[in-house]
$ cat coords23.cif   # mmCIF, C-alpha atoms
data_data
#
loop_
_atom_site.label_atom_id
_atom_site.label_comp_id
_atom_site.auth_asym_id
_atom_site.auth_seq_id
_atom_site.Cartn_x
_atom_site.Cartn_y
_atom_site.Cartn_z
CA MET A 917 23.21 7.07 38.70
CA GLN A 918 24.06 4.04 40.78
CA ASN A 919 20.52 2.78 40.37
CA LEU A 920 20.75 3.14 36.62
CA LEU A 921 23.97 1.16 36.59
CA LYS A 922 22.34 -1.53 38.70
CA ILE A 923 19.43 -1.75 36.30
CA LEU A 924 21.77 -1.91 33.33
CA LEU A 925 23.77 -4.69 34.96
CA ARG A 926 20.66 -6.57 35.93
CA TYR A 927 19.27 -6.50 32.43
CA SER A 928 22.62 -6.66 30.66
CA ASN A 929 21.81 -9.97 28.98
CA PHE A 930 18.55 -8.64 27.66
CA LEU A 931 20.28 -5.48 26.42
CA VAL A 932 22.91 -7.55 24.63
CA PHE A 933 20.09 -9.56 23.08
CA ILE A 934 18.28 -6.42 21.91
CA ALA A 935 21.49 -4.89 20.55
CA LEU A 936 22.38 -8.02 18.60
CA GLU A 937 18.87 -8.38 17.20
CA VAL A 938 18.86 -4.73 16.14
CA ALA A 939 22.13 -5.37 14.34
CA ALA A 940 20.64 -8.41 12.62
CA PHE A 941 17.55 -6.51 11.51
CA MET A 942 19.69 -3.65 10.25
CA LEU A 943 21.51 -6.19 8.11
CA ILE A 944 18.21 -7.53 6.81
CA GLY A 945 17.11 -3.96 6.13
CA PHE A 946 20.12 -3.29 3.95
CA ASN A 947 18.44 -3.99 0.68
CA ASN A 948 20.65 -1.35 -0.81
CA PRO A 949 23.29 -3.35 -2.67
CA TYR A 950 26.17 -1.07 -1.69
CA PRO A 951 26.48 -1.96 2.03
CA ARG A 952 25.81 -5.58 1.24
CA SER A 953 28.58 -5.84 -1.30
CA SER A 954 31.06 -3.78 0.71
CA MET A 955 30.48 -5.84 3.84
CA LEU A 956 31.02 -9.10 2.04
CA SER A 957 33.78 -8.04 -0.27
CA THR A 958 36.38 -10.13 1.52
CA ALA A 959 34.16 -13.15 1.67
CA ASN A 960 32.73 -12.77 -1.79
CA SER A 961 35.44 -14.58 -3.71
CA PHE A 962 35.40 -17.49 -1.30
CA ILE A 963 31.62 -17.74 -1.33
CA ALA A 964 31.55 -17.54 -5.11
CA TRP A 965 34.17 -20.26 -5.19
CA GLN A 966 32.04 -22.43 -2.92
CA HIS A 967 28.95 -21.95 -5.10
CA GLU A 968 30.99 -22.77 -8.17
CA GLN A 969 32.32 -25.97 -6.60
CA VAL A 970 28.85 -27.06 -5.57
CA SER A 971 27.43 -26.41 -9.00
CA GLU A 972 30.36 -28.23 -10.58
CA ILE A 973 29.78 -31.27 -8.39
CA ASN A 974 26.06 -31.17 -9.10
CA GLY A 975 26.85 -30.77 -12.77
CA TYR A 976 28.47 -34.18 -12.91
CA PHE A 977 25.22 -35.85 -11.91
CA SER A 978 23.38 -34.30 -14.85
CA LEU A 979 26.12 -34.88 -17.42
CA ARG A 980 24.47 -37.97 -18.87
CA ASN A 981 21.18 -36.17 -19.43
CA GLN A 982 22.96 -33.15 -20.84
CA ASN A 983 24.88 -35.33 -23.27
CA GLU A 984 21.75 -37.01 -24.52
CA LEU A 985 20.02 -33.69 -24.93
CA LEU A 986 22.97 -32.28 -26.83
CA ALA A 987 23.22 -35.34 -29.08
CA ALA A 988 19.52 -35.15 -29.91
CA GLU A 989 19.87 -31.46 -30.58
CA ASN A 990 22.83 -32.09 -32.87
CA ALA A 991 20.81 -34.55 -34.95
CA GLU A 992 17.99 -32.04 -35.13
CA LEU A 993 20.35 -29.28 -36.23
CA LEU A 994 21.90 -31.56 -38.88
CA ASN A 995 18.40 -32.18 -40.23
CA ARG A 996 17.75 -28.46 -40.39
CA ILE A 997 21.03 -27.78 -42.18
CA CYS A 998 20.15 -30.46 -44.70
CA SER A 999 16.74 -29.01 -45.33
CA MET A 1000 18.38 -25.66 -46.07
CA ASP A 1001 21.34 -27.03 -48.00
CA SER A 1002 19.46 -28.09 -51.12
CA ALA A 1003 22.35 -27.11 -53.42
CA LYS A 1004 24.27 -30.14 -52.21
CA ASN A 1005 21.27 -32.35 -52.85
CA ARG A 1006 20.95 -33.39 -49.24
CA GLU A 1007 17.30 -32.70 -48.68
CA ASP A 1008 16.49 -36.40 -48.99
CA VAL A 1009 18.66 -37.25 -46.02
CA HIS A 1010 17.41 -37.57 -42.45
CA TYR A 1011 19.57 -38.15 -39.39
CA GLU A 1012 18.60 -40.37 -36.48
CA ASN A 1013 20.47 -39.89 -33.22
CA ALA A 1014 21.70 -43.06 -31.49
CA LYS A 1015 23.87 -44.10 -28.58
CA VAL A 1016 26.63 -46.68 -28.80
CA VAL A 1017 25.84 -49.39 -26.26
CA GLN A 1018 28.64 -51.82 -27.03
CA MET A 1019 31.69 -51.92 -29.24
CA THR A 1020 34.95 -53.74 -29.83
CA THR A 1021 38.13 -52.10 -31.07
CA GLY A 1022 40.78 -54.75 -30.52
CA GLU A 1023 39.91 -57.27 -33.20
CA MET A 1024 40.13 -57.68 -36.96
CA HIS A 1025 36.35 -57.71 -37.27
CA ASN A 1026 35.15 -55.03 -34.94
CA TYR A 1027 31.46 -54.34 -34.47
CA LEU A 1028 29.45 -51.84 -32.52
CA THR A 1029 25.86 -51.91 -31.31
CA ILE A 1030 23.59 -48.88 -31.19
CA ASN A 1031 20.29 -48.40 -29.37
CA ARG A 1032 18.15 -47.83 -32.46
CA GLY A 1033 16.43 -50.52 -34.51
CA SER A 1034 13.71 -51.17 -37.03
CA ASN A 1035 11.19 -49.51 -34.72
CA ASP A 1036 13.12 -46.30 -35.28
CA GLY A 1037 13.26 -46.76 -39.04
CA ILE A 1038 16.78 -48.19 -39.15
CA GLN A 1039 17.51 -50.45 -42.13
CA ARG A 1040 20.46 -52.53 -43.23
CA GLY A 1041 22.91 -50.57 -45.33
CA GLN A 1042 22.32 -47.16 -43.82
CA GLY A 1043 25.38 -45.08 -43.01
CA VAL A 1044 26.49 -44.15 -39.50
CA GLN A 1045 28.49 -41.05 -38.73
CA ASN A 1046 29.21 -38.79 -35.79
CA SER A 1047 30.28 -35.20 -35.44
CA GLU A 1048 33.89 -36.12 -36.30
CA GLY A 1049 33.28 -38.15 -39.43
CA VAL A 1050 32.28 -41.53 -40.83
CA VAL A 1051 31.69 -44.40 -38.38
CA GLY A 1052 30.36 -47.31 -40.42
CA ILE A 1053 27.39 -49.00 -42.06
CA ILE A 1054 24.36 -50.71 -40.49
CA ARG A 1055 24.78 -54.47 -40.82
CA THR A 1056 22.08 -56.24 -38.75
CA VAL A 1057 18.85 -54.68 -37.51
CA GLY A 1058 16.79 -55.80 -34.52
CA PRO A 1059 13.59 -54.19 -33.29
CA ASN A 1060 15.39 -51.85 -30.87
CA TYR A 1061 19.10 -52.31 -31.53
CA SER A 1062 21.32 -52.52 -34.59
CA VAL A 1063 24.82 -53.77 -35.24
CA VAL A 1064 27.13 -51.47 -37.18
CA LEU A 1065 30.03 -52.60 -39.33
CA PRO A 1066 32.52 -49.84 -38.57
CA VAL A 1067 35.27 -48.57 -40.84
CA ILE A 1068 37.70 -50.43 -38.57
CA ASN A 1069 36.56 -53.86 -39.76
CA THR A 1070 38.48 -55.66 -42.48
CA HIS A 1071 35.20 -56.47 -44.25
CA THR A 1072 34.32 -52.84 -44.80
CA ASN A 1073 34.79 -51.10 -48.12
CA LEU A 1074 33.93 -47.44 -48.34
CA SER A 1075 33.82 -45.36 -51.48
CA CYS A 1076 35.74 -42.12 -50.89
CA ARG A 1077 37.11 -39.22 -52.84
CA PHE A 1078 39.78 -36.59 -52.46
CA ALA A 1079 38.21 -33.32 -51.41
CA LYS A 1080 40.70 -31.41 -53.58
CA ASN A 1081 39.95 -32.98 -56.97
CA ASP A 1082 37.13 -35.52 -56.53
CA TYR A 1083 39.38 -38.43 -57.46
CA ILE A 1084 37.70 -41.65 -56.24
CA GLY A 1085 39.25 -44.43 -54.16
CA THR A 1086 38.15 -47.23 -51.84
CA LEU A 1087 38.87 -47.16 -48.14
CA LYS A 1088 39.83 -50.44 -46.45
CA TRP A 1089 41.25 -51.35 -43.09
CA ASP A 1090 44.19 -53.67 -42.56
CA GLY A 1091 43.25 -54.68 -39.00
CA LYS A 1092 46.33 -53.23 -37.33
CA ASP A 1093 45.74 -49.73 -35.96
CA ILE A 1094 42.29 -48.29 -35.32
CA ARG A 1095 43.59 -44.80 -35.96
CA PHE A 1096 44.60 -45.49 -39.57
CA ALA A 1097 42.94 -46.98 -42.67
CA GLN A 1098 44.21 -47.55 -46.22
CA LEU A 1099 42.96 -45.90 -49.36
CA THR A 1100 43.25 -48.17 -52.41
CA ASP A 1101 42.55 -47.92 -56.14
CA VAL A 1102 44.32 -44.57 -56.49
CA ALA A 1103 46.28 -44.70 -59.72
CA ALA A 1104 49.97 -43.85 -59.87
CA HIS A 1105 49.53 -40.77 -62.05
CA MET A 1106 47.54 -39.05 -59.32
CA VAL A 1107 49.58 -36.74 -57.08
CA VAL A 1108 48.95 -37.55 -53.41
CA ASN A 1109 50.28 -35.31 -50.64
CA ALA A 1110 50.26 -35.84 -46.90
CA GLY A 1111 47.48 -33.73 -45.46
CA ASP A 1112 45.00 -34.26 -48.31
CA THR A 1113 41.45 -34.57 -47.01
CA ILE A 1114 39.40 -37.67 -47.80
CA VAL A 1115 35.61 -37.41 -47.75
CA THR A 1116 32.74 -39.72 -48.69
CA SER A 1117 32.07 -39.87 -52.40
CA GLY A 1118 28.29 -39.70 -52.40
CA LEU A 1119 28.23 -42.35 -55.13
CA SER A 1120 26.14 -44.67 -52.98
CA PRO A 1121 23.05 -43.67 -51.01
CA VAL A 1122 24.76 -44.79 -47.80
CA PHE A 1123 26.40 -41.47 -47.03
CA PRO A 1124 25.75 -38.02 -48.40
CA GLU A 1125 28.65 -36.49 -50.26
CA GLY A 1126 31.44 -34.81 -48.31
CA VAL A 1127 31.28 -36.44 -44.87
CA PRO A 1128 34.84 -36.33 -43.46
CA VAL A 1129 36.65 -39.67 -43.50
CA GLY A 1130 40.29 -38.91 -42.83
CA ILE A 1131 43.48 -37.12 -43.72
CA VAL A 1132 46.33 -38.62 -45.73
CA GLU A 1133 49.13 -39.47 -43.33
CA ASN A 1134 51.63 -40.70 -45.95
CA SER A 1135 51.64 -42.24 -49.39
CA VAL A 1136 54.08 -44.75 -50.90
CA LEU A 1137 54.53 -45.41 -54.61
CA LYS A 1138 57.13 -48.09 -55.30
CA GLU A 1139 58.87 -48.41 -58.64
CA GLY A 1140 56.59 -50.33 -61.00
CA ASP A 1141 53.47 -50.03 -58.89
CA SER A 1142 50.39 -48.84 -60.68
CA TYR A 1143 48.54 -47.87 -57.48
CA HIS A 1144 49.48 -45.76 -54.47
CA THR A 1145 49.65 -47.27 -50.99
CA ILE A 1146 48.00 -44.52 -48.95
CA ARG A 1147 47.74 -44.42 -45.19
CA VAL A 1148 44.80 -42.33 -43.95
CA ARG A 1149 44.43 -41.00 -40.44
CA LEU A 1150 40.74 -41.47 -39.61
CA CYS A 1151 38.76 -38.46 -38.41
CA THR A 1152 36.65 -40.55 -36.06
CA ASN A 1153 38.15 -41.50 -32.73
CA PHE A 1154 36.74 -44.99 -32.21
CA LYS A 1155 38.21 -45.26 -28.72
CA ARG A 1156 35.75 -42.74 -27.31
CA LEU A 1157 32.77 -43.21 -29.56
CA LYS A 1158 29.60 -42.49 -27.61
CA TYR A 1159 26.91 -40.91 -29.78
CA VAL A 1160 26.35 -41.38 -33.50
CA ASN A 1161 23.88 -40.31 -36.17
CA VAL A 1162 22.34 -42.81 -38.58
CA VAL A 1163 21.89 -41.49 -42.12
CA ARG A 1164 18.51 -42.27 -43.62
CA ASN A 1165 18.31 -41.57 -47.33
CA LYS A 1166 14.65 -41.45 -48.33
CA HIS A 1167 15.44 -42.85 -51.79
CA GLN A 1168 17.87 -45.54 -50.68
CA GLN A 1169 15.49 -48.40 -51.45
CA GLU A 1170 14.69 -47.06 -54.91
CA ILE A 1171 18.35 -46.56 -55.75
CA GLU A 1172 19.25 -50.06 -54.59
CA GLU A 1173 16.40 -51.65 -56.52
CA LEU A 1174 17.46 -49.89 -59.65
CA SER A 1175 21.08 -50.97 -59.38
CA ASN A 1176 20.09 -54.54 -58.48
CA GLY A 1177 17.93 -54.64 -61.59
CA LEU A 1178 21.03 -54.09 -63.68
CA ASP A 1179 22.64 -57.38 -62.61
CA MET B 358 33.83 -32.27 25.39
CA ASP B 359 36.26 -29.40 25.17
CA TRP B 360 36.06 -26.42 22.82
CA THR B 361 38.38 -27.87 20.19
CA LYS B 362 35.94 -30.71 19.70
CA GLN B 363 33.05 -28.25 19.62
CA ILE B 364 34.72 -26.29 16.84
CA ALA B 365 35.61 -29.45 14.92
CA ARG B 366 31.99 -30.55 15.12
CA TYR B 367 30.86 -27.13 13.98
CA VAL B 368 33.13 -27.28 10.91
CA ILE B 369 31.92 -30.76 9.96
CA VAL B 370 28.26 -29.85 10.48
CA MET B 371 28.66 -26.65 8.45
CA LEU B 372 30.27 -28.61 5.61
CA LEU B 373 27.35 -31.02 5.62
CA GLN B 374 24.93 -28.09 5.80
CA VAL B 375 26.42 -26.17 2.90
CA LEU B 376 27.29 -29.09 0.66
CA LEU B 377 24.37 -31.38 1.36
CA PHE B 378 21.38 -29.92 3.21
CA ASN B 379 21.39 -26.57 1.43
CA GLN B 380 21.21 -28.42 -1.88
CA LEU B 381 18.00 -30.27 -1.07
CA GLN B 382 15.11 -29.10 -3.21
CA LEU B 383 12.09 -31.17 -2.34
CA GLY B 384 9.31 -28.97 -3.63
CA GLY B 385 10.87 -25.91 -1.98
CA VAL B 386 9.54 -26.76 1.48
CA CYS B 387 12.50 -28.73 2.77
CA HIS B 388 15.30 -26.55 4.15
CA PRO B 389 16.64 -28.32 7.24
CA TYR B 390 19.08 -26.05 9.06
CA VAL B 391 20.94 -28.77 10.89
CA TYR B 392 23.80 -26.46 11.84
CA VAL B 393 21.64 -25.30 14.78
CA LEU B 394 22.70 -28.60 16.40
CA CYS B 395 26.03 -27.00 17.33
CA LEU B 396 24.29 -24.13 19.10
CA LEU B 397 21.81 -26.35 20.91
CA MET B 398 24.51 -28.72 22.15
CA MET B 399 27.03 -26.06 23.09
CA PRO B 400 28.08 -26.30 26.77
CA ILE B 401 26.50 -23.71 29.05
CA THR B 402 29.65 -22.68 30.83
CA LEU B 403 30.00 -19.28 29.16
CA PRO B 404 28.15 -16.11 30.24
CA HIS B 405 24.75 -15.66 28.63
CA SER B 406 25.83 -12.66 26.56
CA ALA B 407 28.83 -14.58 25.19
CA ASP B 408 26.45 -17.35 24.11
CA MET B 409 24.39 -14.84 22.17
CA ILE B 410 27.45 -13.37 20.48
CA ILE B 411 28.55 -16.87 19.42
CA GLY B 412 25.03 -17.44 18.10
CA ALA B 413 25.18 -14.20 16.16
CA ALA B 414 28.51 -15.22 14.62
CA ALA B 415 27.27 -18.69 13.66
CA GLY B 416 24.13 -17.19 12.15
CA LEU B 417 26.09 -14.60 10.21
CA ILE B 418 28.39 -17.27 8.76
CA MET B 419 25.34 -19.24 7.65
CA ASP B 420 23.82 -16.05 6.19
CA VAL B 421 26.89 -15.49 4.08
CA PHE B 422 26.48 -18.96 2.56
CA CYS B 423 22.74 -18.54 2.04
CA ASN B 424 22.90 -14.96 0.78
CA THR B 425 20.31 -13.94 3.39
CA LEU B 426 22.22 -11.38 5.43
CA GLY B 427 20.83 -11.06 8.97
CA VAL B 428 18.10 -13.71 8.79
CA HIS B 429 19.99 -16.63 10.33
CA MET B 430 21.75 -14.21 12.64
CA ALA B 431 18.45 -12.97 14.13
CA ALA B 432 17.15 -16.53 14.56
CA CYS B 433 20.34 -17.81 16.20
CA ILE B 434 20.51 -14.88 18.61
CA LEU B 435 16.94 -15.58 19.67
CA VAL B 436 17.70 -19.28 20.13
CA MET B 437 20.72 -18.50 22.28
CA PHE B 438 18.72 -15.96 24.27
CA ILE B 439 15.92 -18.34 25.28
CA ARG B 440 18.13 -21.40 25.65
CA PRO B 441 19.07 -21.05 29.34
CA TYR B 442 15.47 -20.27 30.35
CA LEU B 443 14.23 -23.41 28.57
CA LEU B 444 16.91 -25.52 30.19
CA GLY B 445 15.98 -24.11 33.58
CA ALA B 446 12.33 -24.88 32.98
CA PHE B 447 12.73 -28.43 31.67
CA VAL B 448 15.51 -29.80 33.81
CA ASN B 449 14.08 -30.16 37.30
CA ASP B 450 17.07 -31.92 38.70
CA LYS B 451 19.60 -29.08 38.70
CA ASP B 452 22.43 -31.52 39.29
CA ARG B 453 21.99 -32.85 35.80
CA LEU B 454 22.54 -29.38 34.43
CA THR B 455 26.29 -29.58 34.30
CA GLU B 456 28.38 -28.43 31.38
CA GLN B 457 27.17 -30.94 28.86
CA ILE B 458 23.96 -30.71 26.91
CA HIS B 459 23.03 -33.95 25.22
CA LEU B 460 20.52 -36.78 25.38
CA ARG B 461 22.14 -38.66 28.24
CA ALA B 462 22.91 -35.58 30.35
CA LEU B 463 19.40 -34.11 30.16
CA GLY B 464 17.30 -37.24 29.96
CA MET B 465 15.13 -38.22 27.04
CA GLU B 466 12.01 -36.20 27.76
CA ALA B 467 13.69 -32.92 28.67
CA PHE B 468 16.10 -33.14 25.76
CA VAL B 469 13.41 -33.83 23.17
CA LYS B 470 11.24 -30.96 24.44
CA TYR B 471 14.26 -28.64 24.47
CA VAL B 472 15.27 -29.58 20.90
CA VAL B 473 11.75 -29.46 19.46
CA ILE B 474 10.95 -26.01 20.81
CA LEU B 475 14.25 -24.40 19.88
CA VAL B 476 14.39 -25.92 16.39
CA VAL B 477 10.82 -24.88 15.61
CA VAL B 478 11.49 -21.34 16.90
CA HIS B 479 14.70 -21.14 14.90
CA HIS B 480 13.17 -22.38 11.63
CA LEU B 481 9.98 -20.36 12.04
CA VAL B 482 11.92 -17.12 12.55
CA ILE B 483 14.12 -17.83 9.54
CA PHE B 484 11.24 -18.63 7.19
CA LEU B 485 9.16 -15.68 8.42
CA LEU B 486 12.03 -13.25 8.00
CA ALA B 487 12.92 -14.70 4.60
CA ALA B 488 9.30 -14.39 3.42
CA TRP B 489 9.08 -10.91 5.02
CA SER B 490 5.30 -10.79 4.80
CA TRP B 491 2.28 -12.45 6.42
CA SER B 492 0.70 -13.29 3.09
CA HIS B 493 2.76 -16.49 2.70
CA LEU B 494 1.94 -17.67 6.20
CA GLY B 495 0.51 -21.01 5.06
CA PHE B 496 3.59 -21.85 3.05
CA VAL B 497 5.89 -20.65 5.84
CA MET B 498 4.08 -22.98 8.28
CA LEU B 499 4.40 -25.94 5.93
CA GLU B 500 8.08 -25.13 5.35
CA THR B 501 8.62 -24.87 9.12
CA ILE B 502 6.89 -28.16 9.88
CA VAL B 503 8.67 -30.18 7.19
CA SER B 504 12.11 -28.68 7.74
CA SER B 505 11.92 -28.71 11.54
CA LEU B 506 10.84 -32.33 11.52
CA ILE B 507 13.90 -33.34 9.51
CA THR B 508 16.26 -31.24 11.62
CA ILE B 509 14.78 -32.57 14.88
CA LEU B 510 15.03 -36.18 13.71
CA LEU B 511 18.65 -35.67 12.63
CA ILE B 512 19.64 -34.02 15.91
CA ILE B 513 17.93 -36.65 18.06
CA GLY B 514 19.27 -39.42 15.85
CA TYR B 515 22.80 -38.06 16.22
CA ASN B 516 22.35 -37.94 20.00
CA ALA B 517 20.86 -41.41 20.15
CA LEU B 518 23.88 -42.81 18.33
CA ARG B 519 26.53 -40.71 20.05
CA TYR B 520 25.24 -40.49 23.66
CA LYS B 521 23.35 -43.70 24.28
#
$ encode --input "coords23.cif" --output "structure tokens"
Amino acid sequence: MQNLLKILLRYSNFLVFIALEVAAFMLIGFNNPYPRSSMLSTANSFIAWQHEQVSEINGYFSLRNQNELLAAENAELLNRICSMDSAKNREDVHYENAKVVQMTTGEMHNYLTINRGSNDGIQRGQGVQNSEGVVGIIRTVGPNYSVVLPVINTHTNLSCRFAKNDYIGTLKWDGKDIRFAQLTDVAAHMVVNAGDTIVTSGLSPVFPEGVPVGIVENSVLKEGDSYHTIRVRLCTNFKRLKYVNVVRNKHQQEIEELSNGLD
Amino acid sequence: MDWTKQIARYVIVMLLQVLLFNQLQLGGVCHPYVYVLCLLMMPITLPHSADMIIGAAAGLIMDVFCNTLGVHMAACILVMFIRPYLLGAFVNDKDRLTEQIHLRALGMEAFVKYVVILVVVHHLVIFLLAAWSWSHLGFVMLETIVSSLITILLIIGYNALRYK
């Protein structure tokens, strides 16, 4: 007995080693999910939290790529919708995804630059929109970049209509607040309510019909005026404009040639 | 270095391990387990069996983060088991073998040999157990060489900066 104890004491370190290794291998052997989950149940929420934090942090590094992928996918989906939506006569329209590389918002004549140019089929006069609504019209085209005249430029005129009754007006911007534009040429007999939706008219090939433009914020009709003064809250948030779609109407050139021939 | 500092170093190294080194994905062969630094540089004042229990705990904590229950634990226990024998073999001058284990205390040659052998053993055991078959032996060897190299360089680099 005493000898046995002596041996045990002498090899105690080795026995501890063997016991610990056996425990480790038993853990490895537990492929059965029940002991695994019950052993870690207290730690599970913390470990899951840790994995979530790590993946969140890693996620930030891929955000730019994800955004570009999503924007390209959006343009592709818009194209597919258009090819299906022949009733609205949109099958001639193609959307080109683009990224805003520069823009001003604090001036009377604001401009923005996008990273698509004539190499991508961009032409002067094409419309630019994003997922929220109308952005502007292509003004100058370079090989790889184009300058867009946005709605928030006092030079811009945009033909619009009321979604409720197709009454036509012209959207202008007074240069004061990039959140609001003014709808003109709406005659006094027309009833205008706050909350009316304004969409593109589709009278020019620039935009297809029905792209959101804004919502009537308020409307003033003074005694003796023959036109409403309508303030429109723009759908597009120009402060955080990042990705846009350029509208390419396949028949734009033909339509413009025809109307030029009339002059 | 007292035990508070040891634990503080362990926490920092584990944070780096979990947040940085575990996220490396260089072709799937680069998994440096730098946390073994804390075990290798732990003072040798405690009884041998206590060392092994600490190793088991450190390995188990790592296992929980890696979702490989038992694998790191087995490797760390083995490392802590052979550690005193290696130190006895490499350090001829027993006076140098005081409490501290670092580059300056052991001398360059003994320390590098000690770190290389233990890190390779540790990584090899982990990758073998994780693969759990001999059929991936070539890949396990490549994984061991690449990962051990990085871990060894980091541990020696840390020592070279900290204990010149």
$ interface_residues --input "coords23.cif" --of "chain A" --to "chain B" --cutoff "7 Å" --atoms "all atoms listed in the file" --output "PyMOL selection string"
chain A and resi 929+932-933+937+940-941+943-944+963+970
$ closest_residue --input "coords23.cif" --among "A:Ala939, A:Asn1161, A:Asn1060, A:Ser1142" --to "Glu989 (chain A)" --atoms "only C-alpha atoms"
A:Asn1161
$ resolve_selection --input "coords23.cif" --expression "the PyMOL selection byres ((chain B and resi 443-447) around 12)" --output "PyMOL selection string"
chain B and resi 397-398+400-401+436-442+448-459+462-475
$ closest_residue --input "coords23.cif" --among "A:Gly1111, A:Gly1126, A:Gly1049, A:Pro1066" --to "Ala1079 (chain A)" --atoms "all atoms listed in the file"
A:Gly1126
$ atom_distance --input "coords23.cif" --atom1 "CA of Arg519 (chain B)" --atom2 "CA of Ser505 (chain B)"
20.7 Å
$ residues_around --input "coords23.cif" --residues "Ile1030 (chain A)" --least-positions-apart "5" --cutoff "8 Å" --atoms "only C-alpha atoms" --output "list in words"
Ala1014, Lys1015, Val1016, Val1017, Gln1018, Tyr1061, Ser1062, Val1063 and Val1064 of chain A
